[in-house]
Amino acid sequence: MADFHTWSMSIMVPYMVYFFAKNVIISVKQIRVLLLALLILGVYYNITSVGEKFNIPWLLYPQSMLIEHEEFVGRSCGPFRNSGIFGNTLGMILPINLYFLATVRGNFWKILLYTNLALGFVALYFTYTRGAWVVGLIAFSTAVFINRREYFKTIAPLLVVIPLAAFIGLGMIQDTFFQERVENDDTIDARVGTMVTAFRIWQDHPFVGCGPYQFTNVRDDYIEPVEFPVLGTIKFANFRNNGAHDMYFSPLAEDGLVGIFLQFSIYFLILKSFLRVLKLRKSGDHVAVYVIPLFMGILFAYLFGGLTQTFRHTSIMGTILYLVAAVAYGYRPEYRRTGSTIN
């Protein structure tokens with residue numbers, strides 16, 4: 001029953017969202033409403049992260065976030081109670097701010113959006129999760145790079161404001177917890193050790209793997225100290241109790257080449273649907289110019305996040321990816337010719 005719950009959270013929920021969105025969210029107006037909903041979600045997450053960091057109870061909902069975390073002490077974990085999941089989610093939706101900064105009018109709204117974007121970086125920082133920091137950077141920089149003409153000039157003011165806020169307002173230089181997190185190699189060792197163990201399991205079960213959710217049941221037979229470049233010797237004590245901790249090596253061990261082929265086929269088809277719409281930039285299509293760069297950022301952030309975090313125990317990141325994938329797949333550009341609209 002526990003495995004079924006995990007499966008439903010990580011697979012069934014995102015797929016249900018996908019089949020709903022590809023048939024319902026198909027117009028520019030509907031896509032804009034979706035982006036607004038994601039923006040509001042980001043505002044909630046940003047406020048939550050700051051509330052956790054400074055222990056401000058009235059900023060935290062649900063109230064379960066008031067309970068001191070046993071594992072992620074000092075790190076913002078959001079409603080997921082997991083700093084890695086929270087940080088990856090924050091990073092994936094961070095670029096949504098770019099869309100509204102580039103399209104809304106009025107200085108009042110732009111000031112609010114710039115404030116929320118800066119707060120998003122702060123919220124991501126307070127998770128103290130290095131993988132999530134990189135996820136946020138990938139999502140944001142990908143969107144800006146693909147739509148350099150519009151988005152680069154949008155973020156230009158932040159190139160000065162964010163570093164200044166980071167070093168003065170947050171006091172990163174004096175943040176000893178930040179230094180501890182950056183200098184901590186144990187989590188890197190644990191992940192690398194787990195990946196190597198998963199690879200060893202796969203070698204004995206190359207085609208269909210050892211079975212879904214069986215990694216923790218067979219890992220003890222494959223755990224040995226690992227010699228790895230730069231990291232040196234990784235002792236098995238650092239990772240012997242680790243479960244599946246990524247979206248590539250661990251699924252390879254459990255599902256084999258068949259499963260990993262199907263998994264990457266999905267990623268390829270998502271990318272293909274994004275590129276199909278992106279080709280419409282030459283015609284000035286709104287979604288191609290402004291929206292698909294955000295979706296591409298979300299996709300690449302998701303793919304990188306899968307190196308450091310398993311998404312099987314929560315639906316949020318898979319739901320976001322499959323949601324935007326569905327929008328791109330279901331979108332049909334509107335061309336106006338002689339006063340008529342052709343879908």
# chains A, B, ... in the order shown; residues from 1 in each chain; ligands from 1
>>> residues_around(residues="Gly259 in chain A", least_positions_apart="5", cutoff="10 Å", atoms="only C-alpha atoms", output="ChimeraX atom specification")
/A:207-209,212,251-254,264-265
>>> residues_around(residues="range 78-86 of chain A", least_positions_apart="2", cutoff="7 Å", atoms="only C-alpha atoms", output="VMD selection string")
chain A and resid 45 48 to 49 62 65 72 75 to 76 88 to 90 127 129 132
>>> write_last_selection(atoms="all heavy atoms", output="CSV table (one decimal), in the first residue's frame")
chain,number,residue,atom,x,y,z
A,45,TYR,N,5.3,30.5,-1.6
A,45,TYR,CA,6.5,29.8,-1.2
A,45,TYR,C,7.6,30.7,-0.7
A,45,TYR,O,8.3,30.4,0.3
A,45,TYR,CB,7.1,29.0,-2.4
A,45,TYR,CG,6.3,27.7,-2.8
A,45,TYR,CD1,6.3,27.2,-4.1
A,45,TYR,CD2,5.5,27.1,-1.8
A,45,TYR,CE1,5.6,26.1,-4.4
A,45,TYR,CE2,4.8,25.9,-2.1
A,45,TYR,CZ,4.8,25.4,-3.4
A,45,TYR,OH,4.1,24.3,-3.7
A,48,THR,N,6.8,31.9,2.8
A,48,THR,CA,6.9,30.7,3.7
A,48,THR,C,8.4,30.5,4.0
A,48,THR,O,8.7,30.3,5.2
A,48,THR,CB,6.4,29.5,3.0
A,48,THR,OG1,5.0,29.6,2.9
A,48,THR,CG2,6.7,28.2,3.8
A,49,SER,N,9.3,30.6,3.0
A,49,SER,CA,10.7,30.4,3.3
A,49,SER,C,11.2,31.4,4.2
A,49,SER,O,12.0,31.1,5.1
A,49,SER,CB,11.4,30.4,1.9
A,49,SER,OG,12.8,30.2,2.1
A,62,PRO,N,0.7,25.5,6.1
A,62,PRO,CA,0.0,25.0,7.3
A,62,PRO,C,0.8,25.1,8.6
A,62,PRO,O,2.1,25.2,8.5
A,62,PRO,CB,-0.3,23.5,6.9
A,62,PRO,CG,0.7,23.2,6.0
A,62,PRO,CD,1.0,24.4,5.2
A,65,MET,N,4.4,23.5,9.8
A,65,MET,CA,5.7,24.0,9.6
A,65,MET,C,6.3,24.7,10.8
A,65,MET,O,7.5,25.0,10.9
A,65,MET,CB,5.7,25.1,8.4
A,65,MET,CG,5.5,24.5,7.1
A,65,MET,SD,5.7,25.7,5.7
A,65,MET,CE,4.0,26.4,5.8
A,72,PHE,N,16.3,18.6,8.8
A,72,PHE,CA,16.8,19.8,8.1
A,72,PHE,C,16.7,21.0,9.0
A,72,PHE,O,16.1,22.0,8.7
A,72,PHE,CB,15.9,20.0,6.8
A,72,PHE,CG,15.8,18.9,5.9
A,72,PHE,CD1,14.7,18.1,5.8
A,72,PHE,CD2,16.9,18.5,5.1
A,72,PHE,CE1,14.6,17.0,5.0
A,72,PHE,CE2,16.8,17.5,4.2
A,72,PHE,CZ,15.7,16.7,4.2
A,75,ARG,N,17.0,25.0,8.0
A,75,ARG,CA,16.8,25.2,6.5
A,75,ARG,C,15.3,25.3,6.3
A,75,ARG,O,14.5,24.6,6.9
A,75,ARG,CB,17.4,24.0,5.8
A,75,ARG,CG,18.8,23.8,6.0
A,75,ARG,CD,19.3,22.4,5.7
A,75,ARG,NE,19.3,22.1,4.3
A,75,ARG,CZ,19.6,21.0,3.7
A,75,ARG,NH1,20.1,20.0,4.5
A,75,ARG,NH2,19.5,20.8,2.4
A,76,SER,N,14.9,26.2,5.4
A,76,SER,CA,13.5,26.3,5.0
A,76,SER,C,13.1,25.1,4.2
A,76,SER,O,13.7,24.7,3.2
A,76,SER,CB,13.3,27.6,4.2
A,76,SER,OG,13.6,28.8,5.0
A,88,ASN,N,14.0,22.8,-4.9
A,88,ASN,CA,13.9,22.5,-6.4
A,88,ASN,C,12.6,23.1,-6.9
A,88,ASN,O,12.6,23.6,-8.0
A,88,ASN,CB,13.9,21.0,-6.6
A,88,ASN,CG,15.2,20.3,-6.7
A,88,ASN,OD1,15.8,20.2,-7.7
A,88,ASN,ND2,15.8,19.9,-5.5
A,89,THR,N,11.5,23.1,-6.1
A,89,THR,CA,10.3,23.7,-6.6
A,89,THR,C,10.4,25.2,-6.7
A,89,THR,O,10.0,25.8,-7.7
A,89,THR,CB,9.2,23.3,-5.6
A,89,THR,OG1,9.1,21.9,-5.4
A,89,THR,CG2,7.8,23.9,-6.1
A,90,LEU,N,11.1,25.8,-5.7
A,90,LEU,CA,11.3,27.3,-5.8
A,90,LEU,C,12.1,27.6,-7.1
A,90,LEU,O,11.8,28.6,-7.8
A,90,LEU,CB,12.1,27.7,-4.6
A,90,LEU,CG,11.2,27.9,-3.3
A,90,LEU,CD1,12.2,28.1,-2.1
A,90,LEU,CD2,10.4,29.2,-3.4
A,127,THR,N,16.9,27.7,1.7
A,127,THR,CA,16.8,26.3,1.8
A,127,THR,C,18.2,25.7,2.1
A,127,THR,O,18.3,24.5,2.5
A,127,THR,CB,16.3,25.7,0.5
A,127,THR,OG1,17.2,25.9,-0.6
A,127,THR,CG2,14.9,26.3,0.1
A,129,THR,N,20.4,24.5,0.2
A,129,THR,CA,20.5,23.2,-0.6
A,129,THR,C,21.2,23.5,-1.9
A,129,THR,O,20.7,24.2,-2.8
A,129,THR,CB,19.1,22.6,-0.9
A,129,THR,OG1,18.4,22.4,0.3
A,129,THR,CG2,19.2,21.3,-1.6
A,132,ALA,N,19.6,22.7,-5.2
A,132,ALA,CA,18.4,23.5,-5.5
A,132,ALA,C,18.9,24.9,-6.0
A,132,ALA,O,18.3,25.5,-6.9
A,132,ALA,CB,17.5,23.7,-4.3
>>> select_by_dssp(residues="range 89-168 of chain A", states="alpha helix (DSSP H)", output="JSON, numbers by chain")
{"A": [89, 90, 91, 92, 93, 96, 97, 98, 99, 100, 101, 102, 103, 107, 108, 109, 110, 111, 112, 113, 114, 115, 116, 117, 118, 119, 120, 121, 122, 123, 124, 125, 130, 131, 132, 133, 134, 135, 136, 137, 138, 139, 140, 141, 142, 143, 144, 145, 146, 153, 154, 155, 158, 159, 160, 161, 162, 163, 164]}
>>> closest_residue(among="A:Leu275, A:Leu119, A:Met195, A:Pro206", to="Val258 in chain A", atoms="only C-alpha atoms")
A:Pro206
>>> closest_residue(among="A:Val17, A:Leu303, A:Val50, A:Ile138", to="Cys77 in chain A", atoms="only C-alpha atoms")
A:Val50
>>> closest_residue(among="A:Met9, A:Met296, A:Leu113, A:Ile26", to="Phe140 in chain A", atoms="only C-alpha atoms")
A:Met296
>>> atom_distance(atom1="CA of Thr103 in chain A", atom2="CA of Leu35 in chain A")
12.1 Å
>>> residues_around(residues="Ile47 in chain A", least_positions_apart="6", cutoff="9 Å", atoms="only C-alpha atoms", output="PyMOL selection string")
chain A and resi 59-60+119-120+123
